[in-house]
Amino acid sequence: MTVDVWAPLGVAGVVPVVDELSIPDFHHMPKDVPFAARTQVDVAGHQVTVVWRHRVLVASLADESAPGGAREIASGFRQPATGGPDSILWNFVLMPVDVLGETVAVDRERSGRDRWQLRVSGPAGRSWQWRPAGRIFADRMELTRWDDAAPVVTHVLRPVPGRPGTASGPPEVGWEASASLAEVLLPLLWVLDRAHTCLLPKTQRVLRGEFL
């Protein structure tokens, strides 16, 4: 089975993202653990499994013709950022992603007084911005194509501090019909990578006691 991961999915959708790695397990897991399951999602009929292999996040697509019944389509390894604003007082990491042998590069920059965004560059001249969004508190992450105003993929974060009545349950990732499978997987990997550390804007992390 051959899937063009950059082709439009053709249908919009929203699915829950249930992280199989709990916060206590994350903080107590030795760095040399070879494998940890993270999540399984259905993206417009594509069955995607994400696991941690030696601290590399790997997304695989169900494929009966592939060895083991799955084909790896994207992977990312977190790298400490060096230089730039906040790099001394506030640690953060970047995760470039390999999509079928092609690199999607990321770079961090300021966006407003206390928020940040990632500049994302992909193959064939593709480019995006990935940033937190919300009013007082960030309640979602948005992936927006460089020449578009509206996000193509939105990752809703739950629970949201300071938002009474926010529905409980796992985070959700939603995409527009024009989104590609690769575009859905990029923020999915980044949110899973940062799920328990340094995802939210700096002031929000301070209020939650997440100083590092």
# chains A, B, ... in the order shown; residues from 1 in each chain; ligands from 1
>>> residues_around(residues="Pro8 (chain A)", least_positions_apart="6", cutoff="7 Å", atoms="only C-alpha atoms", output="list in words")
Ala177, Ser178, Ala179 and Ser180 of chain A
>>> residues_around(residues="Leu189 (chain A)", least_positions_apart="5", cutoff="9 Å", atoms="only C-alpha atoms", output="PyMOL selection string")
chain A and resi 50+57-59+74-76+95+97+184+194
>>> write_last_selection(atoms="C-alpha atoms", output="short mmCIF file (atom, residue, chain, number, x, y, z; two decimals), in the first residue's frame")
data_model
loop_
_atom_site.label_atom_id
_atom_site.label_comp_id
_atom_site.auth_asym_id
_atom_site.auth_seq_id
_atom_site.Cartn_x
_atom_site.Cartn_y
_atom_site.Cartn_z
CA VAL A 50 2.92 6.32 17.85
CA LEU A 57 8.98 9.15 18.71
CA VAL A 58 7.97 6.94 15.79
CA ALA A 59 4.66 7.13 13.89
CA ALA A 74 7.63 9.73 10.55
CA SER A 75 10.03 9.94 13.47
CA GLY A 76 11.46 12.67 15.67
CA MET A 95 12.11 18.15 17.46
CA VAL A 97 10.91 15.23 12.13
CA VAL A 184 -1.58 16.02 11.14
CA ARG A 194 6.11 18.12 25.05
#
>>> closest_residue(among="A:Pro171, A:Val43, A:Asp148, A:Ile73", to="Val18 (chain A)", atoms="only C-alpha atoms")
A:Pro171
>>> atom_distance(atom1="CA of Gly101 (chain A)", atom2="CA of Pro123 (chain A)")
10.2 Å
>>> atom_distance(atom1="CA of Ala133 (chain A)", atom2="CA of Glu172 (chain A)")
14.6 Å
>>> closest_residue(among="A:Val11, A:Ser111, A:Trp116, A:Asp193", to="Arg38 (chain A)", atoms="only C-alpha atoms")
A:Asp193
>>> select_by_dssp(residues="chain A", states="strand (DSSP E or B)", output="PyMOL selection string")
chain A and resi 8+13-16+35-43+46-53+56-62+70-77+79-80+93-94+97-99+102-110+116-121+127-134+138-145+153-156+172-175+180
>>> write_last_selection(atoms="C-alpha atoms", output="JSON list (two decimals), in the first residue's frame")
[["chain", "number", "residue", "atom", "x", "y", "z"],
["A", 8, "PRO", "CA", -4.93, 16.38, 1.06],
["A", 13, "GLY", "CA", -12.00, 15.35, 11.28],
["A", 14, "VAL", "CA", -11.40, 15.39, 15.03],
["A", 15, "VAL", "CA", -10.09, 12.48, 17.10],
["A", 16, "PRO", "CA", -9.10, 12.08, 20.77],
["A", 35, "PHE", "CA", 10.04, 1.00, 24.09],
["A", 36, "ALA", "CA", 6.96, 2.82, 25.36],
["A", 37, "ALA", "CA", 3.54, 3.00, 23.71],
["A", 38, "ARG", "CA", 2.18, 6.54, 23.31],
["A", 39, "THR", "CA", -1.07, 6.62, 21.30],
["A", 40, "GLN", "CA", -3.18, 5.24, 18.44],
["A", 41, "VAL", "CA", -5.34, 7.46, 16.24],
["A", 42, "ASP", "CA", -7.50, 7.13, 13.15],
["A", 43, "VAL", "CA", -6.71, 9.97, 10.74],
["A", 46, "HIS", "CA", -5.44, 5.88, 8.25],
["A", 47, "GLN", "CA", -4.61, 3.86, 11.37],
["A", 48, "VAL", "CA", -1.57, 5.48, 12.99],
["A", 49, "THR", "CA", 0.37, 4.18, 15.99],
["A", 50, "VAL", "CA", 2.92, 6.32, 17.85],
["A", 51, "VAL", "CA", 5.54, 4.75, 20.12],
["A", 52, "TRP", "CA", 8.74, 5.76, 21.85],
["A", 53, "ARG", "CA", 11.76, 3.74, 20.70],
["A", 56, "VAL", "CA", 12.67, 8.54, 19.44],
["A", 57, "LEU", "CA", 8.98, 9.15, 18.71],
["A", 58, "VAL", "CA", 7.97, 6.94, 15.79],
["A", 59, "ALA", "CA", 4.66, 7.13, 13.89],
["A", 60, "SER", "CA", 3.72, 4.05, 11.88],
["A", 61, "LEU", "CA", 0.87, 3.46, 9.45],
["A", 62, "ALA", "CA", -1.02, 0.18, 9.47],
["A", 70, "ALA", "CA", 3.00, -1.45, 9.90],
["A", 71, "ARG", "CA", 5.17, 0.99, 7.97],
["A", 72, "GLU", "CA", 7.14, 3.76, 9.65],
["A", 73, "ILE", "CA", 6.32, 7.12, 8.10],
["A", 74, "ALA", "CA", 7.63, 9.73, 10.55],
["A", 75, "SER", "CA", 10.03, 9.94, 13.47],
["A", 76, "GLY", "CA", 11.46, 12.67, 15.67],
["A", 77, "PHE", "CA", 14.10, 13.00, 18.36],
["A", 79, "GLN", "CA", 17.19, 18.13, 20.74],
["A", 80, "PRO", "CA", 18.06, 20.80, 23.34],
["A", 93, "VAL", "CA", 13.73, 21.52, 23.10],
["A", 94, "LEU", "CA", 13.16, 21.23, 19.39],
["A", 97, "VAL", "CA", 10.91, 15.23, 12.13],
["A", 98, "ASP", "CA", 11.93, 12.77, 9.44],
["A", 99, "VAL", "CA", 9.01, 12.09, 7.09],
["A", 102, "GLU", "CA", 12.82, 13.95, 4.19],
["A", 103, "THR", "CA", 13.54, 16.35, 7.05],
["A", 104, "VAL", "CA", 11.03, 18.79, 8.48],
["A", 105, "ALA", "CA", 13.17, 21.37, 10.29],
["A", 106, "VAL", "CA", 12.04, 23.56, 13.20],
["A", 107, "ASP", "CA", 13.31, 26.75, 14.78],
["A", 108, "ARG", "CA", 11.95, 28.59, 17.82],
["A", 109, "GLU", "CA", 11.17, 32.31, 17.95],
["A", 110, "ARG", "CA", 9.34, 34.77, 20.18],
["A", 116, "TRP", "CA", 6.72, 31.47, 21.37],
["A", 117, "GLN", "CA", 6.17, 29.81, 18.03],
["A", 118, "LEU", "CA", 8.05, 27.39, 15.84],
["A", 119, "ARG", "CA", 9.06, 28.16, 12.28],
["A", 120, "VAL", "CA", 8.67, 24.91, 10.40],
["A", 121, "SER", "CA", 10.27, 24.11, 7.03],
["A", 127, "SER", "CA", 6.51, 26.03, 5.50],
["A", 128, "TRP", "CA", 4.31, 26.52, 8.55],
["A", 129, "GLN", "CA", 4.05, 28.15, 11.96],
["A", 130, "TRP", "CA", 3.23, 26.09, 15.05],
["A", 131, "ARG", "CA", 2.18, 28.09, 18.08],
["A", 132, "PRO", "CA", 0.03, 28.15, 21.23],
["A", 133, "ALA", "CA", -3.29, 29.97, 20.96],
["A", 134, "GLY", "CA", -5.98, 31.09, 23.36],
["A", 138, "ALA", "CA", -3.37, 28.78, 25.87],
["A", 139, "ASP", "CA", -5.89, 26.01, 25.29],
["A", 140, "ARG", "CA", -4.70, 24.74, 21.92],
["A", 141, "MET", "CA", -1.74, 24.43, 19.56],
["A", 142, "GLU", "CA", -2.17, 25.50, 15.94],
["A", 143, "LEU", "CA", -0.29, 24.52, 12.79],
["A", 144, "THR", "CA", -0.78, 27.18, 10.11],
["A", 145, "ARG", "CA", 0.64, 27.21, 6.63],
["A", 153, "VAL", "CA", -4.40, 21.42, 12.19],
["A", 154, "THR", "CA", -5.48, 22.28, 15.75],
["A", 155, "HIS", "CA", -4.53, 20.33, 18.86],
["A", 156, "VAL", "CA", -6.87, 21.11, 21.79],
["A", 172, "GLU", "CA", -8.12, 16.22, 20.65],
["A", 173, "VAL", "CA", -6.46, 16.82, 17.30],
["A", 174, "GLY", "CA", -8.57, 18.24, 14.49],
["A", 175, "TRP", "CA", -7.75, 18.94, 10.87],
["A", 180, "SER", "CA", -2.30, 16.12, 4.65]]
>>> atom_distance(atom1="CA of Val33 (chain A)", atom2="CA of Arg55 (chain A)")
7.9 Å
>>> select_by_dssp(residues="region 5-80 of chain A", states="alpha helix (DSSP H)", output="VMD selection string")
chain A and resid 23 to 28
>>> write_last_selection(atoms="N, CA and C atoms", output="tab-separated table (two decimals), in the first residue's frame")
chain	number	residue	atom	x	y	z
A	23	ILE	N	1.81	10.63	33.39
A	23	ILE	CA	2.79	11.59	33.89
A	23	ILE	C	3.77	10.94	34.87
A	24	PRO	N	3.30	10.15	35.87
A	24	PRO	CA	4.26	9.49	36.77
A	24	PRO	C	5.21	8.55	36.03
A	25	ASP	N	4.68	7.80	35.07
A	25	ASP	CA	5.54	6.89	34.31
A	25	ASP	C	6.58	7.68	33.52
A	26	PHE	N	6.16	8.82	32.96
A	26	PHE	CA	7.09	9.65	32.19
A	26	PHE	C	8.26	10.10	33.06
A	27	HIS	N	7.95	10.60	34.26
A	27	HIS	CA	9.00	11.17	35.11
A	27	HIS	C	9.88	10.11	35.76
A	28	HIS	N	9.40	8.87	35.84
A	28	HIS	CA	10.19	7.82	36.49
A	28	HIS	C	10.77	6.82	35.49
>>> closest_residue(among="A:His54, A:Leu186, A:Phe137, A:Ala66", to="Trp6 (chain A)", atoms="only C-alpha atoms")
A:Leu186
>>> closest_residue(among="A:Arg126, A:Trp190, A:Leu181, A:Ala81", to="Trp146 (chain A)", atoms="only C-alpha atoms")
A:Arg126
>>> closest_residue(among="A:Phe92, A:Ala12, A:Arg78, A:Asp147", to="Gly45 (chain A)", atoms="only C-alpha atoms")
A:Ala12
>>> closest_residue(among="A:Glu183, A:Ile136, A:Pro170, A:Gly10", to="Val152 (chain A)", atoms="only C-alpha atoms")
A:Glu183
